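Worksheet: one structure, shown below.
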Amino acid sequence: MDSVVHFEIPADDTARAQKFYRDVFGWNIVKAPMPGMEYFMVYTTPIDDKQMPTKPGAINGGMEKRRAPGETPVIVINVANLDEALAKATAAGAVVVMPKMQVADMGLYARIKDTESNVIGVWQNLKKME
């Protein structure tokens, strides 16, 4: 079974959004070293030395500048093979709205629009998580 492992929050004003989530929920938000884009890691729960949540079932996420009007938060689902997951999703009626891209040496990422017009992130780890 594939699990939700991450979320992404788009923001018109990332400084304002960070203040909101810190003040309201106590989240720790840290600028991530992502070449070519401004991206922030959103920690909703403690992590271990491999950056993984220590609390079972908890997930952390990210924040970035909103790309388009009306863009909403996205959940990200981890899969064993991104190409196979995209093929299966499109066969079931989804549309790829962000083609596969590599994120540093961490993983492969794409976004689909499901049959109900929800945008979902799909992630494949490149590094083995131990």
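Ordered as shown in the structure tokens, chains take letters A, B, and onward, while each chain numbers its residues from 1 and ligands are numbered from 1 in the order shown.
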
(Q) Residues within 7 Å of Ala11 of chain A, please, as a list in words. Count only C-alpha atoms; anything in the same chain fewer than 6 positions from it doesn't count. (A)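 Using only C-alpha atoms, the neighbours found are Ala17, Glu64, Lys65 and Arg66 of chain A.
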
(Q) I want to know what sits within 9 Å of Val79 of chain A, based on only C-alpha atoms, with residues of the same chain fewer than 4 positions away left out; could you give that as a ChimeraX atom specification? (A) /A:1-3,84-85,122-125

Using only C-alpha atoms, determine which residues lie at most 10 Å from Gln18 of chain A, disregarding the query and same-chain residues fewer than 2 positions distant; provide the list as a PDB file with N, CA and C atoms, in the first residue's frame.
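After the write, around_24.pdb holds the following:
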ATOM      1  N   ALA A  11       2.117  29.400  -1.261  1.00  0.00           N
ATOM      2  CA  ALA A  11       1.877  30.665  -0.568  1.00  0.00           C
ATOM      3  C   ALA A  11       2.176  31.835  -1.493  1.00  0.00           C
ATOM      4  N   ASP A  13       2.783  34.823  -0.202  1.00  0.00           N
ATOM      5  CA  ASP A  13       3.818  35.502   0.571  1.00  0.00           C
ATOM      6  C   ASP A  13       4.364  34.473   1.560  1.00  0.00           C
ATOM      7  N   THR A  14       5.510  33.873   1.236  1.00  0.00           N
ATOM      8  CA  THR A  14       6.021  32.777   2.063  1.00  0.00           C
ATOM      9  C   THR A  14       6.385  33.238   3.479  1.00  0.00           C
ATOM     10  N   ALA A  15       6.852  34.464   3.640  1.00  0.00           N
ATOM     11  CA  ALA A  15       7.179  34.959   4.986  1.00  0.00           C
ATOM     12  C   ALA A  15       5.904  35.056   5.824  1.00  0.00           C
ATOM     13  N   ARG A  16       4.850  35.567   5.241  1.00  0.00           N
ATOM     14  CA  ARG A  16       3.569  35.692   5.956  1.00  0.00           C
ATOM     15  C   ARG A  16       3.015  34.308   6.302  1.00  0.00           C
ATOM     16  N   PHE A  20       2.272  32.559   9.997  1.00  0.00           N
ATOM     17  CA  PHE A  20       0.967  32.002  10.330  1.00  0.00           C
ATOM     18  C   PHE A  20       1.101  30.579  10.890  1.00  0.00           C
ATOM     19  N   TYR A  21       1.787  29.700  10.178  1.00  0.00           N
ATOM     20  CA  TYR A  21       1.882  28.300  10.593  1.00  0.00           C
ATOM     21  C   TYR A  21       2.730  28.123  11.853  1.00  0.00           C
ATOM     22  N   ARG A  22       3.732  28.977  12.025  1.00  0.00           N
ATOM     23  CA  ARG A  22       4.512  28.934  13.268  1.00  0.00           C
ATOM     24  C   ARG A  22       3.654  29.374  14.456  1.00  0.00           C
ATOM     25  N   ASP A  23       2.968  30.526  14.280  1.00  0.00           N
ATOM     26  CA  ASP A  23       2.179  31.096  15.371  1.00  0.00           C
ATOM     27  C   ASP A  23       0.960  30.244  15.727  1.00  0.00           C
ATOM     28  N   VAL A  24       0.282  29.707  14.741  1.00  0.00           N
ATOM     29  CA  VAL A  24      -0.958  28.969  14.988  1.00  0.00           C
ATOM     30  C   VAL A  24      -0.698  27.526  15.416  1.00  0.00           C
ATOM     31  N   TRP A  27       4.697  25.034  14.171  1.00  0.00           N
ATOM     32  CA  TRP A  27       5.557  24.304  13.241  1.00  0.00           C
ATOM     33  C   TRP A  27       6.903  24.996  13.091  1.00  0.00           C
ATOM     34  N   ASN A  28       7.938  24.207  12.846  1.00  0.00           N
ATOM     35  CA  ASN A  28       9.277  24.713  12.573  1.00  0.00           C
ATOM     36  C   ASN A  28       9.454  24.736  11.053  1.00  0.00           C
ATOM     37  N   ILE A  29       9.763  25.890  10.500  1.00  0.00           N
ATOM     38  CA  ILE A  29       9.888  26.033   9.051  1.00  0.00           C
ATOM     39  C   ILE A  29      11.286  26.550   8.737  1.00  0.00           C
ATOM     40  N   VAL A  30      11.986  25.812   7.858  1.00  0.00           N
ATOM     41  CA  VAL A  30      13.390  26.085   7.576  1.00  0.00           C
ATOM     42  C   VAL A  30      13.618  26.125   6.070  1.00  0.00           C
ATOM     43  N   PHE A  40      10.884  25.703   1.378  1.00  0.00           N
ATOM     44  CA  PHE A  40      11.006  25.634   2.824  1.00  0.00           C
ATOM     45  C   PHE A  40      10.504  24.282   3.310  1.00  0.00           C
ATOM     46  N   VAL A  42       8.795  22.107   6.123  1.00  0.00           N
ATOM     47  CA  VAL A  42       7.827  22.365   7.185  1.00  0.00           C
ATOM     48  C   VAL A  42       7.827  21.147   8.112  1.00  0.00           C
ATOM     49  N   MET A  63       6.891  24.134   1.761  1.00  0.00           N
ATOM     50  CA  MET A  63       6.181  25.359   1.382  1.00  0.00           C
ATOM     51  C   MET A  63       6.978  26.022   0.273  1.00  0.00           C
TER      52      MET A  63
END

Q: Tell me, as an MDAnalysis selection string, which residues lie within 10 Å of segment 97-109 of chain A, counting only C-alpha atoms; anything in the same chain fewer than 3 positions away does not count.
A: chainID A and resid 34:35 76:79 81:83 86 94 112:114 119:128

Q: as a count of residues only, list the residues of segment 27-101 of chain A assigned to strand (DSSP E or B) by DSSP on the backbone atoms of this structure.
A: 30

(Q) Between A:Gly61, A:Pro46, A:Gly26, A:Pro33, which residue has the minimum interatomic distance to His6 of chain A, considering only C-alpha atoms? (A)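 Ranked by minimum distance to His6 of chain A, first place goes to A:Gly61.
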
Q: Check the smallest atom-to-atom distance from each of A:Ile47, A:Pro53, A:Ala89, A:Ile59 to Phe7 of chain A using only C-alpha atoms, then report the winner.
A: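 Of all the options, A:Ile59 lies closest to Phe7 of chain A.
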
Q) From the set A:Ile9, A:Ala68, A:Val95, A:Val4, which residue has the shortest atom-to-atom contact distance to Glu116 of chain A, counting only C-alpha atoms? A) A:Val95

Q) Could you pull out the helix (DSSP H, G or I) residues of segment 7-62 of chain A from DSSP and send them as a list in words? A)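 Secondary structure check on segment 7-62 of chain A, helix (DSSP H, G or I): Thr14, Ala15, Arg16, Ala17, Gln18, Lys19, Phe20, Tyr21, Arg22, Asp23, Val24 and Phe25 of chain A.
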
Now that the selection is made, can you save its residues with C-alpha atoms as a short mmCIF file (atom, residue, chain, number, x, y, z; two decimals), in the first residue's frame?
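Output contents, as saved in selection13.cif:
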data_model
loop_
_atom_site.label_atom_id
_atom_site.label_comp_id
_atom_site.auth_asym_id
_atom_site.auth_seq_id
_atom_site.Cartn_x
_atom_site.Cartn_y
_atom_site.Cartn_z
CA THR A 14 6.02 32.78 2.06
CA ALA A 15 7.18 34.96 4.99
CA ARG A 16 3.57 35.69 5.96
CA ALA A 17 2.58 32.03 5.57
CA GLN A 18 5.54 30.87 7.67
CA LYS A 19 4.55 33.26 10.45
CA PHE A 20 0.97 32.00 10.33
CA TYR A 21 1.88 28.30 10.59
CA ARG A 22 4.51 28.93 13.27
CA ASP A 23 2.18 31.10 15.37
CA VAL A 24 -0.96 28.97 14.99
CA PHE A 25 0.42 25.41 14.99
#

Q: Would you work out the distance separating atom CA of Arg111 of chain A from atom CA of Gly70 of chain A, expressed in Å to one decimal?
A: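 Value for the atom CA of Arg111 of chain A-atom CA of Gly70 of chain A distance: 15.8 Å.
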
Q | Atomic distance atom CA of Glu71 of chain A - atom CA of Gly57 of chain A, expressed in Å with one decimal | A |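 Taking atom CA of Glu71 of chain A and atom CA of Gly57 of chain A, their separation equals 25.9 Å.
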